[in-house]
file data22.csv (CSV, C-alpha atoms and all ligand atoms)
chain,number,residue,atom,x,y,z
A,1,MET,CA,0.0,0.0,0.0
A,2,THR,CA,1.5,3.3,-1.0
A,3,THR,CA,0.9,6.4,1.1
A,4,ALA,CA,-0.1,9.8,-0.2
A,5,VAL,CA,0.3,11.6,3.1
A,6,GLU,CA,2.6,10.6,5.9
A,7,ILE,CA,2.9,12.6,9.1
A,8,ARG,CA,5.2,11.4,11.9
A,9,GLY,CA,5.3,12.8,15.4
A,10,VAL,CA,4.2,16.3,14.4
A,11,SER,CA,3.4,19.0,16.9
A,12,LYS,CA,2.4,22.6,16.4
A,13,SER,CA,1.7,25.2,19.0
A,14,PHE,CA,0.5,28.8,18.9
A,15,GLY,CA,1.8,30.4,22.0
A,16,GLU,CA,0.2,28.5,24.9
A,17,THR,CA,-2.2,26.6,22.6
A,18,ASN,CA,-1.0,23.1,21.6
A,19,ALA,CA,-3.0,22.8,18.3
A,20,VAL,CA,-1.4,19.5,17.2
A,21,VAL,CA,0.3,17.1,19.6
A,22,ASP,CA,2.7,14.4,18.5
A,23,LEU,CA,0.4,13.4,15.6
A,24,ASP,CA,1.0,10.3,13.4
A,25,LEU,CA,-1.2,10.0,10.3
A,26,ASN,CA,-1.2,8.0,7.1
A,27,VAL,CA,-3.5,8.6,4.1
A,28,PRO,CA,-3.2,5.6,1.8
A,29,THR,CA,-3.0,6.4,-2.0
A,30,GLY,CA,-6.5,6.2,-3.5
A,31,SER,CA,-8.4,6.5,-0.3
A,32,LEU,CA,-11.3,8.8,0.6
A,33,CYS,CA,-10.3,9.8,4.0
A,34,GLY,CA,-12.4,11.9,6.5
A,35,PHE,CA,-10.5,14.0,8.9
A,36,LEU,CA,-12.8,14.5,11.8
A,37,GLY,CA,-12.9,16.3,15.1
A,38,PRO,CA,-14.8,19.1,16.9
A,39,ASN,CA,-14.1,22.7,16.3
A,40,GLY,CA,-10.6,23.6,17.5
A,41,ALA,CA,-9.4,20.0,17.3
A,42,GLY,CA,-6.4,20.9,15.1
A,43,LYS,CA,-7.7,19.8,11.7
A,44,SER,CA,-7.0,23.1,9.8
A,45,THR,CA,-3.6,23.4,11.5
A,46,THR,CA,-2.7,19.9,10.2
A,47,ILE,CA,-4.0,20.6,6.7
A,48,ARG,CA,-2.1,23.9,6.6
A,49,MET,CA,1.1,22.0,7.4
A,50,LEU,CA,0.3,19.6,4.5
A,51,MET,CA,0.0,22.6,2.3
A,52,SER,CA,3.3,24.1,3.7
A,53,ILE,CA,1.4,27.3,4.7
A,54,ILE,CA,2.7,26.8,8.2
A,55,HIS,CA,5.5,24.5,9.5
A,56,ALA,CA,5.6,21.9,12.2
A,57,ASP,CA,7.5,22.7,15.4
A,58,LYS,CA,8.7,19.1,15.3
A,59,GLY,CA,8.1,15.9,13.4
A,60,SER,CA,8.1,15.1,9.7
A,61,VAL,CA,5.5,15.7,6.9
A,62,GLN,CA,5.7,13.8,3.6
A,63,VAL,CA,3.2,14.4,0.8
A,64,LEU,CA,3.2,12.3,-2.5
A,65,ASP,CA,6.6,10.9,-1.6
A,66,THR,CA,8.3,14.3,-1.3
A,67,THR,CA,8.2,17.3,0.9
A,68,ALA,CA,4.9,19.2,1.3
A,69,LEU,CA,6.4,22.2,-0.5
A,70,LYS,CA,7.6,20.3,-3.5
A,71,ALA,CA,4.2,18.5,-3.8
A,72,LYS,CA,2.2,21.7,-3.8
A,73,ASP,CA,1.2,21.8,-7.5
A,74,ARG,CA,0.1,18.2,-7.4
A,75,ILE,CA,-2.4,19.0,-4.7
A,76,GLY,CA,-5.9,20.5,-5.0
A,77,TYR,CA,-6.7,22.5,-1.9
A,78,LEU,CA,-9.9,24.1,-0.7
A,79,PRO,CA,-9.0,26.2,2.3
A,80,GLU,CA,-11.2,26.8,5.2
A,81,GLU,CA,-11.3,30.5,4.6
A,82,ARG,CA,-13.4,31.0,1.6
A,83,GLY,CA,-12.3,33.5,-1.0
A,84,VAL,CA,-12.8,34.1,-4.7
A,85,TYR,CA,-11.4,37.2,-6.4
A,86,ARG,CA,-14.6,39.2,-6.0
A,87,LYS,CA,-14.2,41.6,-8.9
A,88,MET,CA,-13.2,38.8,-11.4
A,89,LYS,CA,-15.6,37.0,-13.6
A,90,VAL,CA,-16.1,33.4,-12.7
A,91,GLY,CA,-14.6,32.1,-16.0
A,92,GLY,CA,-11.6,34.4,-15.6
A,93,PHE,CA,-11.0,33.4,-12.0
A,94,VAL,CA,-11.0,29.7,-12.6
A,95,GLU,CA,-8.9,30.2,-15.7
A,96,TYR,CA,-6.4,32.2,-13.7
A,97,ILE,CA,-6.1,29.5,-11.1
A,98,GLY,CA,-5.9,26.8,-13.7
A,99,LYS,CA,-3.1,28.6,-15.5
A,100,LEU,CA,-1.2,28.9,-12.3
A,101,LYS,CA,-1.3,25.2,-12.0
A,102,GLY,CA,-0.1,24.6,-15.6
A,103,VAL,CA,-3.4,24.0,-17.5
A,104,ARG,CA,-3.9,26.1,-20.6
A,105,GLY,CA,-5.9,27.0,-23.7
A,106,SER,CA,-8.9,25.3,-25.1
A,107,ILE,CA,-8.4,22.3,-22.7
A,108,LEU,CA,-8.7,24.6,-19.7
A,109,ARG,CA,-11.8,26.4,-21.1
A,110,LYS,CA,-13.5,23.2,-22.0
A,111,ARG,CA,-12.8,21.9,-18.5
A,112,ILE,CA,-14.2,25.0,-16.9
A,113,ASN,CA,-17.4,24.8,-18.9
A,114,ASP,CA,-17.8,21.1,-18.1
A,115,TRP,CA,-17.2,21.6,-14.4
A,116,LEU,CA,-19.6,24.5,-14.1
A,117,GLU,CA,-22.3,22.3,-15.5
A,118,ARG,CA,-21.3,19.5,-13.1
A,119,VAL,CA,-21.6,21.8,-10.1
A,120,GLU,CA,-25.0,23.0,-11.4
A,121,LEU,CA,-23.8,26.4,-12.3
A,122,PRO,CA,-23.9,26.3,-16.2
A,123,GLY,CA,-23.3,29.5,-18.2
A,124,ILE,CA,-22.1,31.7,-15.3
A,125,GLN,CA,-18.6,32.3,-16.8
A,126,ASN,CA,-19.3,36.0,-17.4
A,127,ARG,CA,-20.8,36.8,-14.0
A,128,ARG,CA,-18.7,38.6,-11.5
A,129,CYS,CA,-17.8,36.4,-8.5
A,130,GLU,CA,-19.2,39.0,-6.1
A,131,GLU,CA,-22.7,38.7,-7.7
A,132,LEU,CA,-22.9,35.0,-6.6
A,133,SER,CA,-24.4,33.7,-3.4
A,134,LYS,CA,-22.0,32.3,-0.8
A,135,GLY,CA,-22.9,28.8,-1.7
A,136,MET,CA,-22.3,29.4,-5.4
A,137,GLN,CA,-18.9,31.1,-4.6
A,138,GLN,CA,-18.0,28.0,-2.6
A,139,LYS,CA,-18.7,25.7,-5.5
A,140,VAL,CA,-16.7,27.9,-7.8
A,141,GLN,CA,-13.8,27.8,-5.3
A,142,PHE,CA,-14.2,24.0,-5.1
A,143,LEU,CA,-13.9,23.6,-8.8
A,144,ALA,CA,-10.9,26.0,-8.9
A,145,ALA,CA,-9.2,23.6,-6.4
A,146,ILE,CA,-9.7,20.5,-8.7
A,147,ILE,CA,-9.4,22.1,-12.2
A,148,HIS,CA,-5.8,20.9,-12.7
A,149,GLU,CA,-6.9,17.3,-12.0
A,150,PRO,CA,-4.6,16.8,-9.0
A,151,GLU,CA,-3.5,13.5,-7.6
A,152,LEU,CA,-4.3,14.5,-4.1
A,153,ILE,CA,-7.3,16.6,-3.1
A,154,ILE,CA,-7.4,18.3,0.4
A,155,LEU,CA,-10.6,19.9,1.3
A,156,ASP,CA,-11.0,21.9,4.5
A,157,GLU,CA,-14.7,21.7,5.6
A,158,PRO,CA,-16.0,21.4,2.0
A,159,PHE,CA,-19.6,21.2,3.2
A,160,ALA,CA,-19.6,24.0,5.7
A,161,GLY,CA,-22.0,26.8,4.6
A,162,LEU,CA,-23.6,24.7,1.8
A,163,ASP,CA,-27.3,23.9,1.9
A,164,PRO,CA,-28.2,20.1,1.8
A,165,VAL,CA,-28.8,20.2,-2.0
A,166,ASN,CA,-25.4,21.7,-2.8
A,167,ALA,CA,-23.7,19.6,-0.2
A,168,ARG,CA,-25.1,16.5,-2.0
A,169,VAL,CA,-23.7,17.8,-5.4
A,170,ILE,CA,-20.3,18.3,-3.9
A,171,GLY,CA,-20.5,14.9,-2.0
A,172,LYS,CA,-21.3,13.2,-5.3
A,173,ILE,CA,-18.4,14.8,-7.1
A,174,ILE,CA,-16.0,13.9,-4.3
A,175,ASN,CA,-17.2,10.3,-4.7
A,176,GLU,CA,-16.6,10.3,-8.4
A,177,LEU,CA,-13.1,11.8,-8.0
A,178,HIS,CA,-12.4,9.0,-5.6
A,179,GLN,CA,-13.7,6.4,-8.1
A,180,GLN,CA,-11.2,7.8,-10.6
A,181,GLY,CA,-8.4,6.9,-8.2
A,182,ARG,CA,-7.6,10.2,-6.7
A,183,THR,CA,-6.7,10.5,-3.0
A,184,ILE,CA,-9.0,12.7,-1.1
A,185,LEU,CA,-8.6,14.0,2.5
A,186,PHE,CA,-11.4,16.2,3.7
A,187,SER,CA,-12.0,17.7,7.1
A,188,THR,CA,-15.4,18.0,8.8
A,189,HIS,CA,-16.8,18.5,12.2
A,190,VAL,CA,-20.0,16.8,11.1
A,191,LEU,CA,-19.9,13.1,11.7
A,192,PRO,CA,-22.8,11.7,9.7
A,193,GLN,CA,-21.5,13.4,6.5
A,194,ALA,CA,-18.2,11.6,6.8
A,195,GLU,CA,-19.7,8.3,7.8
A,196,GLN,CA,-21.7,8.2,4.6
A,197,ILE,CA,-18.9,8.8,2.1
A,198,CYS,CA,-15.5,7.9,3.6
A,199,ASP,CA,-13.7,4.7,3.3
A,200,ARG,CA,-11.3,5.8,6.0
A,201,ILE,CA,-11.6,7.9,9.1
A,202,ILE,CA,-9.0,9.8,11.2
A,203,MET,CA,-10.4,11.5,14.2
A,204,ILE,CA,-8.6,14.0,16.4
A,205,ASP,CA,-9.6,15.7,19.6
A,206,GLN,CA,-7.5,18.5,21.2
A,207,GLY,CA,-4.7,17.9,18.7
A,208,LYS,CA,-4.4,14.2,19.4
A,209,LYS,CA,-5.5,11.3,17.3
A,210,VAL,CA,-8.2,9.2,18.9
A,211,LEU,CA,-9.3,7.0,16.0
A,212,ASP,CA,-7.8,5.9,12.7
A,213,GLY,CA,-8.9,3.2,10.3
A,214,THR,CA,-11.6,2.1,7.9
A,215,VAL,CA,-15.1,2.8,9.0
A,216,GLY,CA,-15.7,-1.0,9.4
A,217,SER,CA,-12.5,-1.7,11.3
A,218,ILE,CA,-13.3,1.2,13.7
A,219,GLN,CA,-16.8,-0.2,14.3
A,220,ASP,CA,-15.4,-3.7,14.8
A,221,GLN,CA,-12.9,-2.5,17.4
A,222,PHE,CA,-15.7,-1.4,19.7
A,223,ASP,CA,-18.2,-3.7,21.4
A,224,PRO,CA,-21.7,-3.3,20.1
A,225,ARG,CA,-23.7,-2.0,23.1
A,226,VAL,CA,-27.2,-2.0,21.6
A,227,ILE,CA,-29.6,-4.8,20.4
A,228,ARG,CA,-32.5,-4.0,18.1
A,229,VAL,CA,-35.5,-6.3,18.6
A,230,GLU,CA,-38.7,-6.5,16.7
A,231,PRO,CA,-41.0,-8.6,18.9
A,232,VAL,CA,-44.1,-10.3,17.4
A,233,ASP,CA,-46.1,-8.8,20.4
A,234,HIS,CA,-45.2,-5.1,20.6
A,235,THR,CA,-46.6,-4.9,24.1
A,236,CYS,CA,-44.3,-7.6,25.5
A,237,ASP,CA,-42.4,-6.9,28.6
A,238,LEU,CA,-38.6,-7.3,28.4
A,239,SER,CA,-37.8,-5.4,31.6
A,240,ASN,CA,-36.7,-8.6,33.4
A,241,ILE,CA,-33.9,-9.3,30.9
A,242,SER,CA,-30.7,-9.2,32.9
A,243,GLY,CA,-27.7,-7.3,31.4
A,244,ALA,CA,-29.8,-4.9,29.3
A,245,SER,CA,-32.3,-2.1,29.7
A,246,GLN,CA,-34.8,-0.8,27.1
A,247,ILE,CA,-33.8,2.5,25.8
A,248,ALA,CA,-36.2,3.3,23.0
A,249,ASN,CA,-39.1,2.3,20.8
A,250,THR,CA,-38.2,3.1,17.2
A,251,SER,CA,-39.9,3.3,13.8
A,252,LYS,CA,-43.5,3.7,15.1
A,253,GLY,CA,-43.0,1.2,17.9
A,254,LYS,CA,-42.0,-1.8,15.7
A,255,HIS,CA,-38.5,-2.0,17.1
A,256,LEU,CA,-37.2,-1.8,20.6
A,257,LEU,CA,-33.7,-0.8,21.3
A,258,MET,CA,-32.0,-2.4,24.3
A,259,ARG,CA,-28.8,-1.0,25.7
A,260,LEU,CA,-26.3,-3.5,27.1
A,261,GLU,CA,-24.9,-2.9,30.5
A,262,ASP,CA,-21.2,-2.6,30.8
A,263,ASN,CA,-20.3,-6.2,31.6
A,264,ALA,CA,-23.1,-7.8,29.6
A,265,GLU,CA,-22.3,-10.2,26.7
A,266,ALA,CA,-24.4,-9.3,23.7
A,267,THR,CA,-25.0,-12.9,22.6
A,268,GLU,CA,-26.1,-13.9,26.0
A,269,VAL,CA,-28.7,-11.1,26.2
A,270,LEU,CA,-29.8,-11.9,22.7
A,271,ARG,CA,-30.5,-15.5,23.8
A,272,GLN,CA,-32.5,-14.4,26.8
A,273,ILE,CA,-34.6,-12.1,24.7
A,274,VAL,CA,-35.4,-14.8,22.2
A,275,GLN,CA,-36.3,-17.2,25.0
A,276,SER,CA,-38.7,-14.8,26.7
A,277,THR,CA,-40.7,-13.6,23.7
A,278,PRO,CA,-41.2,-14.6,20.0
A,279,VAL,CA,-39.4,-12.1,17.7
A,280,ARG,CA,-39.7,-11.2,14.0
A,281,GLY,CA,-36.1,-10.0,14.0
A,282,ILE,CA,-33.3,-9.3,16.3
A,283,GLU,CA,-29.8,-7.9,15.7
A,284,ILE,CA,-26.8,-6.6,17.5
A,285,VAL,CA,-26.4,-3.0,16.2
A,286,LYS,CA,-22.9,-2.0,15.3
A,287,PRO,CA,-21.9,1.2,17.1
A,288,THR,CA,-22.1,4.3,14.9
A,289,LEU,CA,-19.0,6.5,14.5
A,290,ASP,CA,-20.7,9.0,16.6
A,291,GLU,CA,-21.0,6.6,19.5
A,292,VAL,CA,-17.5,5.4,19.2
A,293,PHE,CA,-16.1,8.9,19.1
A,294,ILE,CA,-18.2,10.1,22.0
A,295,GLU,CA,-17.0,7.2,24.0
A,296,GLN,CA,-13.4,8.1,23.2
A,297,VAL,CA,-13.9,11.8,24.2
A,298,ALA,CA,-15.7,10.8,27.3
A,299,ARG,CA,-12.7,8.6,28.4
A,300,ARG,CA,-10.3,11.5,27.8
A,301,ARG,CA,-12.3,14.5,29.0
A,302,GLY,CA,-15.4,13.2,30.9
A,303,HIS,CA,-19.0,12.7,30.1
A,304,GLU,CA,-20.1,16.3,30.1
A,305,ALA,CA,-17.5,17.4,27.6
A,306,ALA,CA,-18.4,14.4,25.4
A,307,LEU,CA,-22.1,15.4,25.3
A,308,GLN,CA,-21.1,18.9,24.3
A,309,VAL,CA,-18.9,17.5,21.5
A,310,ARG,CA,-21.8,15.3,20.3
A,311,GLU,CA,-24.1,18.3,20.0
A,312,GLU,CA,-21.4,20.2,18.1
A,313,MET,CA,-20.7,17.3,15.7
A,314,SER,CA,-24.2,16.1,15.0
A,315,HIS,CA,-25.1,18.9,12.6
A,316,ALA,CA,-23.5,21.5,10.3
A,401,LIG,P1,-10.0,22.9,13.7
A,401,LIG,O1,-9.6,23.1,12.2
A,401,LIG,O2,-10.1,21.4,14.1
A,401,LIG,O3,-11.3,23.6,14.0
A,401,LIG,P2,-7.7,24.5,14.2
A,401,LIG,O4,-6.6,23.7,13.6
A,401,LIG,O5,-8.2,25.6,13.4
A,401,LIG,O6,-8.9,23.5,14.6
A,401,LIG,O7,-7.3,25.1,15.6
A,401,LIG,C1,-6.7,24.3,16.6
A,401,LIG,C2,-6.3,25.2,17.8
A,401,LIG,O8,-5.3,26.1,17.4
A,401,LIG,C3,-7.5,26.1,18.2
A,401,LIG,O9,-7.4,26.3,19.6
A,401,LIG,C4,-7.2,27.4,17.5
A,401,LIG,O10,-7.7,28.5,18.3
A,401,LIG,C5,-5.7,27.4,17.5
A,401,LIG,N1,-5.1,28.2,16.4
A,401,LIG,C6,-5.2,27.8,15.1
A,401,LIG,N2,-4.5,28.6,14.3
A,401,LIG,C7,-4.0,29.6,15.1
A,401,LIG,C8,-3.2,30.8,14.9
A,401,LIG,N3,-2.8,31.1,13.7
A,401,LIG,N4,-2.9,31.5,16.0
A,401,LIG,C9,-3.3,31.1,17.2
A,401,LIG,N5,-4.0,30.1,17.5
A,401,LIG,C10,-4.4,29.3,16.5

call {"tool": "encode", "arguments": {"input": "data22.csv", "output": "structure tokens", "more": "lines below"}}
Ligand code: ADP
result
Amino acid sequence: MTTAVEIRGVSKSFGETNAVVDLDLNVPTGSLCGFLGPNGAGKSTTIRMLMSIIHADKGSVQVLDTTALKAKDRIGYLPEERGVYRKMKVGGFVEYIGKLKGVRGSILRKRINDWLERVELPGIQNRRCEELSKGMQQKVQFLAAIIHEPELIILDEPFAGLDPVNARVIGKIINELHQQGRTILFSTHVLPQAEQICDRIIMIDQGKKVLDGTVGSIQDQFDPRVIRVEPVDHTCDLSNISGASQIANTSKGKHLLMRLEDNAEATEVLRQIVQSTPVRGIEIVKPTLDEVFIEQVARRRGHEAALQVREEMSHA
């Protein structure tokens, strides 16, 4: 497995703030990797080091088998701070960026037209950037980041500020770029967005890595703590099952969710449920990334902080 991004033992502080602390991170070539963490976790700082906008206090950063600086033109980068050249026309702006990255002439113009259609902004080449809504500007900035067809695409909060329809448009394009074999690293503080499209997740909290792996392998590392039951008789009483307590009725009362107590064995509780009432279906529910992450934060910082982080990371 080759590696598009390799960070070893990297730390970065701003005065008293330790933004990134002894971070190790690998992004395999061809992966679609979500870089997750609450606001202030250190995501943008890490990304800025990958773009050699700022430099690590210690540790090493390798991008596309070379230094971050040398790799710069082979990376497509959407910074967190949004900015198009306001007075420029859309076509002129993207053309300018494309030329800086070495694409020229009719190839560049055709690409710009095609991409504007893809991001559902056909025929706006001659409009000034400042006439566009914030969401439209962001889509223009996104396509400026990928117009030179880079091997590695780094997107800092690409969905922030987009409405759900536009977020879906960008999500779909990210997926297609991934299908073409490009490596994509994107940061987000919104967990469900990442869970849907990533094949790999790296999560940081307070500058330290807390999770790293494929979505499946992360889920497998953690014990499932919930059983979903669909009893034949919805009024059945499962309160005497030892090792689990009922936490919710779901989907119009068809399913019950049972939370396992800390020392309970999922298979044993499952056996007890089946013995005490006929069921249409029963399954051990894999933990969501949200649950796994919250558990990690709770371990490090306590339950209160974890609940706050959950609130922050559950929506845009
Ligand atoms: P994230 O992108 O995960 O929201 P950041 O990397 O932007 O987090 O920030 C991590 C921490 O570093 C925060 O506490 C932030 O306030 C601080 N920080 C980031 N950039 C600077 C800077 N240029 N000067 C001072 N503090 C900074």

call {"tool": "closest_residue", "arguments": {"input": "data22.csv", "among": "A:Ile173, A:Leu152, A:Leu238, A:Ile97", "to": "Thr3 of chain A", "atoms": "all atoms listed in the file"}}
result
A:Leu152

call {"tool": "closest_residue", "arguments": {"input": "data22.csv", "among": "A:Val190, A:Val229, A:Ile146, A:Val27", "to": "Val5 of chain A", "atoms": "all atoms listed in the file"}}
result
A:Val27

call {"tool": "closest_residue", "arguments": {"input": "data22.csv", "among": "A:Val232, A:Leu36, A:Leu121, A:Ala4", "to": "ligand LIG 401 (chain A)", "atoms": "only C-alpha atoms and all ligand atoms"}}
result
A:Leu36

call {"tool": "closest_residue", "arguments": {"input": "data22.csv", "among": "A:Met313, A:Val169, A:Ile147, A:Val84", "to": "Arg118 of chain A", "atoms": "all atoms listed in the file"}}
result
A:Val169

call {"tool": "residues_near_point", "arguments": {"input": "data22.csv", "point": "(3.3, 9.5, 1.5)", "cutoff": "9 Å", "atoms": "all atoms listed in the file", "output": "ChimeraX atom specification"}}
result
/A:2-7,26-29,61-66

call {"tool": "residues_around", "arguments": {"input": "data22.csv", "residues": "segment 54-59 of chain A", "least_positions_apart": "4", "cutoff": "8 Å", "atoms": "only C-alpha atoms", "output": "PyMOL selection string"}}
result
chain A and resi 7-13+22+45+48-49

call {"tool": "residues_around", "arguments": {"input": "data22.csv", "residues": "Ser276 of chain A", "least_positions_apart": "3", "cutoff": "12 Å", "atoms": "all atoms listed in the file", "output": "MDAnalysis selection string"}}
result
chainID A and resid 231:233 236:242 269:273 279

call {"tool": "residues_near_ligand", "arguments": {"input": "data22.csv", "ligand": "ligand LIG 401 (chain A)", "cutoff": "10 Å", "atoms": "only C-alpha atoms and all ligand atoms", "output": "PyMOL selection string"}}
result
chain A and resi 12-20+35-48+54+80+156-157+187-189+203-207

call {"tool": "residues_around", "arguments": {"input": "data22.csv", "residues": "Gly213 of chain A", "least_positions_apart": "6", "cutoff": "7 Å", "atoms": "only C-alpha atoms", "output": "list in words"}}
result
Arg200, Ile201 and Ile202 of chain A

call {"tool": "residues_around", "arguments": {"input": "data22.csv", "residues": "His178 of chain A", "least_positions_apart": "5", "cutoff": "9 Å", "atoms": "all atoms listed in the file", "output": "list in words"}}
result
Gly30, Ser31, Leu32, Ile173, Thr183 and Ile184 of chain A

call {"tool": "write_last_selection", "arguments": {"input": "data22.csv", "atoms": "C-alpha atoms", "output": "short mmCIF file (atom, residue, chain, number, x, y, z; two decimals), keeping the file's coordinate frame"}}
result
data_model
loop_
_atom_site.label_atom_id
_atom_site.label_comp_id
_atom_site.auth_asym_id
_atom_site.auth_seq_id
_atom_site.Cartn_x
_atom_site.Cartn_y
_atom_site.Cartn_z
CA GLY A 30 -6.50 6.20 -3.50
CA SER A 31 -8.40 6.50 -0.30
CA LEU A 32 -11.30 8.80 0.60
CA ILE A 173 -18.40 14.80 -7.10
CA THR A 183 -6.70 10.50 -3.00
CA ILE A 184 -9.00 12.70 -1.10
#

call {"tool": "residues_near_point", "arguments": {"input": "data22.csv", "point": "(-20.6, 10.7, 21.0)", "cutoff": "9 Å", "atoms": "only C-alpha atoms", "output": "list in words"}}
result
Thr288, Leu289, Asp290, Glu291, Val292, Phe293, Ile294, Glu295, Gln296, Val297, Ala298, Ala306, Leu307, Gln308, Val309, Arg310, Glu311, Met313 and Ser314 of chain A

call {"tool": "closest_residue", "arguments": {"input": "data22.csv", "among": "A:Cys33, A:Leu25, A:Val119, A:Ala167", "to": "Ala194 of chain A", "atoms": "only C-alpha atoms"}}
result
A:Cys33

call {"tool": "axis_aligned_box", "arguments": {"input": "data22.csv", "around": "segment 126-142 of chain A", "padding_each_side": "8 Å", "output": "lines of an AutoDock Vina configuration file"}}
result
center_x = -19.1
center_y = 31.5
center_z = -9.1
size_x = 26.6
size_y = 31.0
size_z = 32.6

call {"tool": "closest_residue", "arguments": {"input": "data22.csv", "among": "A:Arg228, A:Leu185, A:Leu108, A:Trp115", "to": "Leu50 of chain A", "atoms": "all atoms listed in the file"}}
result
A:Leu185

call {"tool": "residues_around", "arguments": {"input": "data22.csv", "residues": "segment 102-107 of chain A", "least_positions_apart": "2", "cutoff": "12 Å", "atoms": "all atoms listed in the file", "output": "list in words"}}
result
Asp73, Arg74, Val94, Glu95, Tyr96, Ile97, Gly98, Lys99, Leu100, Arg109, Lys110, Arg111, Ile112, Asn113, Asp114, Ala144, Ile146, Ile147, His148, Glu149 and Pro150 of chain A

call {"tool": "write_last_selection", "arguments": {"input": "data22.csv", "atoms": "C-alpha atoms", "output": "JSON list (two decimals), in the frame of the given file"}}
result
[["chain", "number", "residue", "atom", "x", "y", "z"],
["A", 73, "ASP", "CA", 1.20, 21.80, -7.50],
["A", 74, "ARG", "CA", 0.10, 18.20, -7.40],
["A", 94, "VAL", "CA", -11.00, 29.70, -12.60],
["A", 95, "GLU", "CA", -8.90, 30.20, -15.70],
["A", 96, "TYR", "CA", -6.40, 32.20, -13.70],
["A", 97, "ILE", "CA", -6.10, 29.50, -11.10],
["A", 98, "GLY", "CA", -5.90, 26.80, -13.70],
["A", 99, "LYS", "CA", -3.10, 28.60, -15.50],
["A", 100, "LEU", "CA", -1.20, 28.90, -12.30],
["A", 109, "ARG", "CA", -11.80, 26.40, -21.10],
["A", 110, "LYS", "CA", -13.50, 23.20, -22.00],
["A", 111, "ARG", "CA", -12.80, 21.90, -18.50],
["A", 112, "ILE", "CA", -14.20, 25.00, -16.90],
["A", 113, "ASN", "CA", -17.40, 24.80, -18.90],
["A", 114, "ASP", "CA", -17.80, 21.10, -18.10],
["A", 144, "ALA", "CA", -10.90, 26.00, -8.90],
["A", 146, "ILE", "CA", -9.70, 20.50, -8.70],
["A", 147, "ILE", "CA", -9.40, 22.10, -12.20],
["A", 148, "HIS", "CA", -5.80, 20.90, -12.70],
["A", 149, "GLU", "CA", -6.90, 17.30, -12.00],
["A", 150, "PRO", "CA", -4.60, 16.80, -9.00]]

call {"tool": "atom_distance", "arguments": {"input": "data22.csv", "atom1": "atom CA of Leu78 of chain A", "atom2": "atom CA of Ile154 of chain A"}}
result
6.4 Å

call {"tool": "atom_distance", "arguments": {"input": "data22.csv", "atom1": "atom CA of Arg128 of chain A", "atom2": "atom CA of Leu143 of chain A"}}
result
16.0 Å

call {"tool": "atom_distance", "arguments": {"input": "data22.csv", "atom1": "atom CA of Ala68 of chain A", "atom2": "atom CA of Glu151 of chain A"}}
result
13.5 Å

call {"tool": "build_atoms", "arguments": {"input": "data22.csv", "residues": "segment 112-121 of chain A", "atoms": "N, CA, C and O atoms", "output": "mmCIF file, keeping the file's coordinate frame"}}
result
data_model
loop_
_atom_site.group_PDB
_atom_site.id
_atom_site.type_symbol
_atom_site.label_atom_id
_atom_site.label_comp_id
_atom_site.auth_asym_id
_atom_site.auth_seq_id
_atom_site.Cartn_x
_atom_site.Cartn_y
_atom_site.Cartn_z
ATOM 1 N N ILE A 112 -13.447 24.083 -17.723
ATOM 2 C CA ILE A 112 -14.200 25.000 -16.900
ATOM 3 C C ILE A 112 -15.704 24.934 -17.226
ATOM 4 O O ILE A 112 -16.548 24.826 -16.329
ATOM 5 N N ASN A 113 -16.017 24.918 -18.530
ATOM 6 C CA ASN A 113 -17.400 24.800 -18.900
ATOM 7 C C ASN A 113 -18.045 23.515 -18.385
ATOM 8 O O ASN A 113 -19.146 23.517 -17.832
ATOM 9 N N ASP A 114 -17.315 22.412 -18.578
ATOM 10 C CA ASP A 114 -17.800 21.100 -18.100
ATOM 11 C C ASP A 114 -18.075 21.115 -16.624
ATOM 12 O O ASP A 114 -19.109 20.673 -16.133
ATOM 13 N N TRP A 115 -17.082 21.634 -15.901
ATOM 14 C CA TRP A 115 -17.200 21.600 -14.400
ATOM 15 C C TRP A 115 -18.297 22.516 -13.921
ATOM 16 O O TRP A 115 -18.988 22.171 -12.968
ATOM 17 N N LEU A 116 -18.467 23.659 -14.577
ATOM 18 C CA LEU A 116 -19.600 24.500 -14.100
ATOM 19 C C LEU A 116 -20.904 23.828 -14.282
ATOM 20 O O LEU A 116 -21.794 23.967 -13.440
ATOM 21 N N GLU A 117 -21.029 23.051 -15.341
ATOM 22 C CA GLU A 117 -22.300 22.300 -15.500
ATOM 23 C C GLU A 117 -22.395 21.239 -14.385
ATOM 24 O O GLU A 117 -23.455 21.049 -13.804
ATOM 25 N N ARG A 118 -21.264 20.590 -14.098
ATOM 26 C CA ARG A 118 -21.300 19.500 -13.100
ATOM 27 C C ARG A 118 -21.686 20.053 -11.711
ATOM 28 O O ARG A 118 -22.336 19.358 -10.943
ATOM 29 N N VAL A 119 -21.264 21.263 -11.390
ATOM 30 C CA VAL A 119 -21.600 21.800 -10.100
ATOM 31 C C VAL A 119 -22.941 22.609 -10.147
ATOM 32 O O VAL A 119 -23.270 23.376 -9.262
ATOM 33 N N GLU A 120 -23.646 22.364 -11.242
ATOM 34 C CA GLU A 120 -25.000 23.000 -11.400
ATOM 35 C C GLU A 120 -24.933 24.480 -11.465
ATOM 36 O O GLU A 120 -25.796 25.153 -10.911
ATOM 37 N N LEU A 121 -23.886 25.010 -12.125
ATOM 38 C CA LEU A 121 -23.800 26.400 -12.300
ATOM 39 C C LEU A 121 -23.481 26.714 -13.822
ATOM 40 O O LEU A 121 -22.507 27.394 -14.151
#
